[in-house]
Amino acid sequence: MGSYDEADSGNIVVINDYEDSQPATPPMEQPKVVGAAAAQAPIISSYNDKIRPLLDVIDRLRLLMVMKEGIQLPTIVVVGDQSSGKSSVLESLAGVNLPRSQGICTRVPLIIRLQNHASPRPELYLEYNGKMVPVEEPQIATAINNATDEVAGPGKSISNIPLTLVVRKDGVPDLTMVDLPGITRVPVHGQPDNIYEQIRDIIMQYITPKESIILNVLSATVDFSTCESIRMSQQVDKNGERTLAVITKVDRAPEGLVDKVTADDVNIGLGYVCVRNRIGDESYEEARKEEARLFETNAHLSCIDKSIVGVHVLAQKLVQIQSKAIAKCLPEIVKNISAKLDANVSELEKMPKALTSIADATQAMMRIIQAAKESLKKLLWRGEFDEYPEDNTKHGTARFVEMLNRFSDELHNCEESNLSKDFLIEEIKVLEDVKGIELPNFLPCEAFLRILRRKVERISYLPIKFTEKYWDYVDDVVMSVLTRHSEMYYHLKVAAKGAAHNLVQKLREQSINWVKEIAEMEKLTGYTCNPDYMMEWNKLMNQKDHFINQISGTNMRPLPCSVNLQGFGEIQVEHLRQHSNVSILQQAFDLKMRMVAYWKIFKVRLVDSMALHLQYRVHNLVNNDIDEIVKELMGPEGHGIEKMLVESPAVVAKREKLKNSIKVLKESKDSVAKIMDRIVLYDAYLV
């Protein structure tokens with residue numbers, strides 16, 4: 001909020017009703033009210049109608065619970081360690097008896113609204129749980145205790161749900177304060193073990209906003225630096241710019257007090273005020289007389305500057321600080337209310353209107369399907385990602401290329417693509433199995449097909465796995481897109497996602513069947529018109545004579561254990577020397593080279609076919625097949641569309657929340673607008 005140092009003097013300009021046309025008395029010329037005179041005078045003079053609206057509008061905003069909309073209000077927050085005299089200070093300001101007991105007597109935030117009221121009969125009432133309960137002054141403590149039990153439950157537990165006590169009484173200062181539970185570290189019987197953490201969380205919630213003014217109540221009997229309330233306030237107000245300290249129980253530890261408040265070891269930026277609270281059955285008038293006498297006659301307390309002693313000085317400081325804070329924050333509050341109102345109105349306007357007819361539902365469905373269709377075209381076909389710039393998982397074309405490359409790598413690195421393992425073993429075995437009456441050196445076609453079938457069978461799971469993985473990805477993208485476009489229509493979203501899932505699963509099954517057919521066709525016959533096949537085979541066959549000679553050559557001693565072949569690397573050949581038939585070795589080498597040349601063609605052809613097939617299927621999905629969703633949503637004779645007329649509970653709740661928020665913000669804006677034209681006049685009085 002900024003510093004309130006200018007309020008440290010404790011002076012405030014008082015504007016009386018009959019002096020509106022006269023210049024205000026400068027602060028330095030105001031008479032100081034001390035001693036017995038202070039005891040007899042009202043705590044503070046009343047605001048006139050130029051000042052009072054400032055506090056009224058903040059109270060009105062607080063009553064409207066505008067803080068739930070994220071709008072922070074200037075608030076005097078009263079904090080203190082347990083038994084620091086916090087409730088007694090508030091009693092002195094309000095002139096009413098508040099609950100007192102051993103241990104925690106404040107179990108919920110208590111908003112105290114004090115309004116100076118000329119009527120001889122005080123008006124007091126409590127506001128909580130949507131009720132306004134009038135209270136007689138002698139029963140106020142009992143009424144607060146009963147209301148607290150209703151809000152927080154009986155016993156000693158605490159709650160963050162506030163009560164509001166309104167006191168309209170002659171002579172009280174125009175103030176609104178929030179009294180919070182006293183800080184305690186040790187739970188007593190009936191309190192949860194984490195009572196300290198609960199109280200700390202409530203206090204931090206109230207004192208953290210920069211608009212809050214912290215009224216820290218400290219006992220004169222303790223070292224200020226050890227107080228837990230000081231530690232908490234310093235966490236959020238390190239320099240003390242919005243912290244005012246009230247020193248209680250000064251009669252119990254008067255010695256050295258003047259040094260403690262002047263040294264300011266704990267950074268109280270708004271200064272100190274020393275008070276003596278009511279004791280026993282003293283009336284408030286008697287208590288003020290005793291306070292004045294104490295600070296005049298006590299050898300230690302009389303040394304304290306009279307500008308920082310007495311309940312009346314505390315009231316003056318609080319009124320001045322609060323009024324300055326309100327005047328300073330109000331323009332920002334108006335700005336924040338307007339911004340929040342505009343944002344909520346805009347969000348409400350973007351929400352779809354409730355569907356009330358079959359025609360409305362049909363139009364909404366067609367609009368959503370077409371929007372989803374366009375989004376899917378961008379993601380899965382055209383490679384446009386403006387709708388999901390940060391979500392790479394939805395960049396369909398890029399992810400398809402990644403999956404396709406991984407599939408290609410798996411195919412090229414699988415066991416069947418290992419060219420050197422058990423070199424020629426399978427080929428020799430197959431040639432021996434298909435041996436028959438035939439021409440010499442004739443390479444049986446059945447031998448080639450038998451090896452081809454085995455190899456295709458062994459890798460057939462790879463294209464199926466790739467197909468399943470890709471359609472699962474497409475399913476996820478389609479579900480995400482439909483969810484985004486139909487979020488506001490719960491029943492449409494559920495039905496559309498179900499229909500889309502069924503469609504994608506059907507296409508998935510069709511693609512898997514296609515892959516199986518491709519595998520069966522490849523096993524049926526070996527064929528290619530690709531000239532690379534013959535080129536590759538001829539290149540590999542050029543090494544045949546050298547290879548055979550390395551295995552069975554009679555002029556080589558010793559024979560090598562391995563042979564280096566281009567395209568294969570180092571090949572172990574000792575296992576081949578057991579075959580004395582050179583002819584079958586030559587046939588096996590020829591068969592191997594044919595299969596190697598053909599397998600390269602096969603792998604490329606399979607990857608290309610998969611890419612073209614899936615692209616074709618996705619193209620049909622985003623351009624034509626997705627329209628089948630509409631047919632399924634319509635249902636027999638179009639009755640399915642009727643289900644869409646029922647909105648989801650989440651959408652209904654969101655719409656109602658926005659409407660209520662807008663209502664609160666509009667009322668808040670109107671309340672502030674009524675007094676904004678007085679702010680300039682008020683600022684002139686503060687100068």
# chains A, B, ... in the order shown; residues from 1 in each chain; ligands from 1
>>> residues_around(residues="Pro154 in chain A", least_positions_apart="4", cutoff="12 Å", atoms="only C-alpha atoms", output="compact mmCIF listing (two decimals) with N, CA and C atoms, in the first residue's frame")
# COMPACT_ATOMS: atom_id res chain seq x y z
N ARG A 107 -12.25 -16.92 18.25
CA ARG A 107 -12.05 -18.17 17.50
C ARG A 107 -12.35 -18.02 16.02
N ASN A 145 -20.39 -15.10 21.41
CA ASN A 145 -20.04 -16.49 21.72
C ASN A 145 -21.00 -17.47 21.06
N ASN A 146 -22.30 -17.17 21.10
CA ASN A 146 -23.29 -18.04 20.49
C ASN A 146 -23.11 -18.10 18.97
N ALA A 147 -22.85 -16.94 18.36
CA ALA A 147 -22.63 -16.90 16.91
C ALA A 147 -21.36 -17.66 16.54
N THR A 148 -20.33 -17.51 17.38
CA THR A 148 -19.08 -18.23 17.12
C THR A 148 -19.29 -19.73 17.17
N ASP A 149 -20.07 -20.20 18.16
CA ASP A 149 -20.37 -21.63 18.25
C ASP A 149 -21.11 -22.11 17.00
N GLU A 150 -21.99 -21.27 16.48
CA GLU A 150 -22.74 -21.66 15.29
C GLU A 150 -21.83 -21.74 14.07
N ILE A 158 -11.14 -23.34 15.79
CA ILE A 158 -11.26 -22.04 15.13
C ILE A 158 -11.79 -22.23 13.72
N SER A 159 -12.20 -21.11 13.11
CA SER A 159 -12.75 -21.13 11.76
C SER A 159 -12.35 -19.85 11.04
N GLY A 190 -9.23 -29.98 23.59
CA GLY A 190 -10.32 -29.63 22.68
C GLY A 190 -9.86 -28.92 21.43
N GLN A 191 -8.56 -28.57 21.34
CA GLN A 191 -8.03 -27.91 20.15
C GLN A 191 -7.21 -28.91 19.34
>>> closest_atom_pairs(of="range 50-128 of chain A", to="range 239-257 of chain A", cutoff="10 Å", atoms="only C-alpha atoms", output="tab-separated table")
residue	atom	partner	partner_atom	distance
A:Ile76	CA	A:Thr243	CA	9.6
A:Val77	CA	A:Thr243	CA	9.6
A:Val78	CA	A:Leu244	CA	9.7
A:Val79	CA	A:Ala245	CA	9.8
A:Gly80	CA	A:Val246	CA	9.7
A:Ser84	CA	A:Thr248	CA	7.2
A:Gly85	CA	A:Thr248	CA	6.2
A:Lys86	CA	A:Thr248	CA	8.3
A:Ser88	CA	A:Thr248	CA	8.9
A:Val89	CA	A:Thr248	CA	7.9
>>> select_by_dssp(residues="range 513-581 of chain A", states="strand (DSSP E or B)", output="list in words")
Ser562, Val563, Asn564, Leu565, Gly569, Glu570, Ile571 and Gln572 of chain A
>>> residues_around(residues="Glu468 in chain A", least_positions_apart="2", cutoff="10 Å", atoms="only C-alpha atoms", output="count of residues only")
15
>>> closest_residue(among="A:Val651, A:Ile551, A:Ala372, A:Ile451", to="Asp627 in chain A", atoms="only C-alpha atoms")
A:Ala372
>>> closest_residue(among="A:Ala653, A:Leu180, A:Val135, A:Ile333", to="Pro162 in chain A", atoms="only C-alpha atoms")
A:Leu180
>>> atom_distance(atom1="CA of Glu632 in chain A", atom2="CA of Ala495 in chain A")
8.7 Å
>>> residues_around(residues="Ile337 in chain A", least_positions_apart="3", cutoff="7 Å", atoms="only C-alpha atoms", output="CSV table (one decimal) with C-alpha atoms, in the first residue's frame")
chain,number,residue,atom,x,y,z
A,71,ILE,CA,-10.4,-7.2,-5.0
A,333,ILE,CA,-10.1,-0.5,-6.3
A,334,VAL,CA,-12.3,1.1,-8.9
A,340,LYS,CA,-12.8,-7.8,-13.2
A,341,LEU,CA,-16.3,-6.9,-14.3
A,665,LEU,CA,-19.1,-6.3,-9.1
A,669,LYS,CA,-19.0,-0.3,-9.0
>>> select_by_dssp(residues="range 444-621 of chain A", states="alpha helix (DSSP H)", output="PyMOL selection string")
chain A and resi 445-459+461-486+490-524+532-541+544-552+582-621
>>> residues_around(residues="Ile571 in chain A", least_positions_apart="5", cutoff="9 Å", atoms="only C-alpha atoms", output="short mmCIF file (atom, residue, chain, number, x, y, z; two decimals) with N, CA and C atoms, in the first residue's frame")
data_model
loop_
_atom_site.label_atom_id
_atom_site.label_comp_id
_atom_site.auth_asym_id
_atom_site.auth_seq_id
_atom_site.Cartn_x
_atom_site.Cartn_y
_atom_site.Cartn_z
N SER A 420 24.68 -60.98 -41.48
CA SER A 420 25.85 -61.84 -41.27
C SER A 420 25.64 -62.99 -40.31
N LYS A 421 24.57 -62.96 -39.53
CA LYS A 421 24.36 -63.99 -38.52
C LYS A 421 24.07 -65.35 -39.19
N ASP A 422 24.78 -66.41 -38.72
CA ASP A 422 24.59 -67.78 -39.26
C ASP A 422 24.57 -67.75 -40.79
N PHE A 423 25.61 -67.19 -41.35
CA PHE A 423 25.66 -66.92 -42.79
C PHE A 423 25.49 -68.22 -43.59
N CYS A 561 39.53 -68.10 -41.01
CA CYS A 561 38.32 -68.34 -40.18
C CYS A 561 37.17 -67.43 -40.59
N SER A 562 37.48 -66.31 -41.23
CA SER A 562 36.44 -65.35 -41.61
C SER A 562 36.78 -64.74 -42.95
N VAL A 563 35.77 -64.24 -43.58
CA VAL A 563 35.91 -63.60 -44.89
C VAL A 563 35.22 -62.25 -44.83
N ASN A 564 35.86 -61.26 -45.41
CA ASN A 564 35.26 -59.93 -45.44
C ASN A 564 34.50 -59.75 -46.74
N LEU A 565 33.21 -59.52 -46.63
CA LEU A 565 32.35 -59.29 -47.80
C LEU A 565 31.81 -57.88 -47.76
#
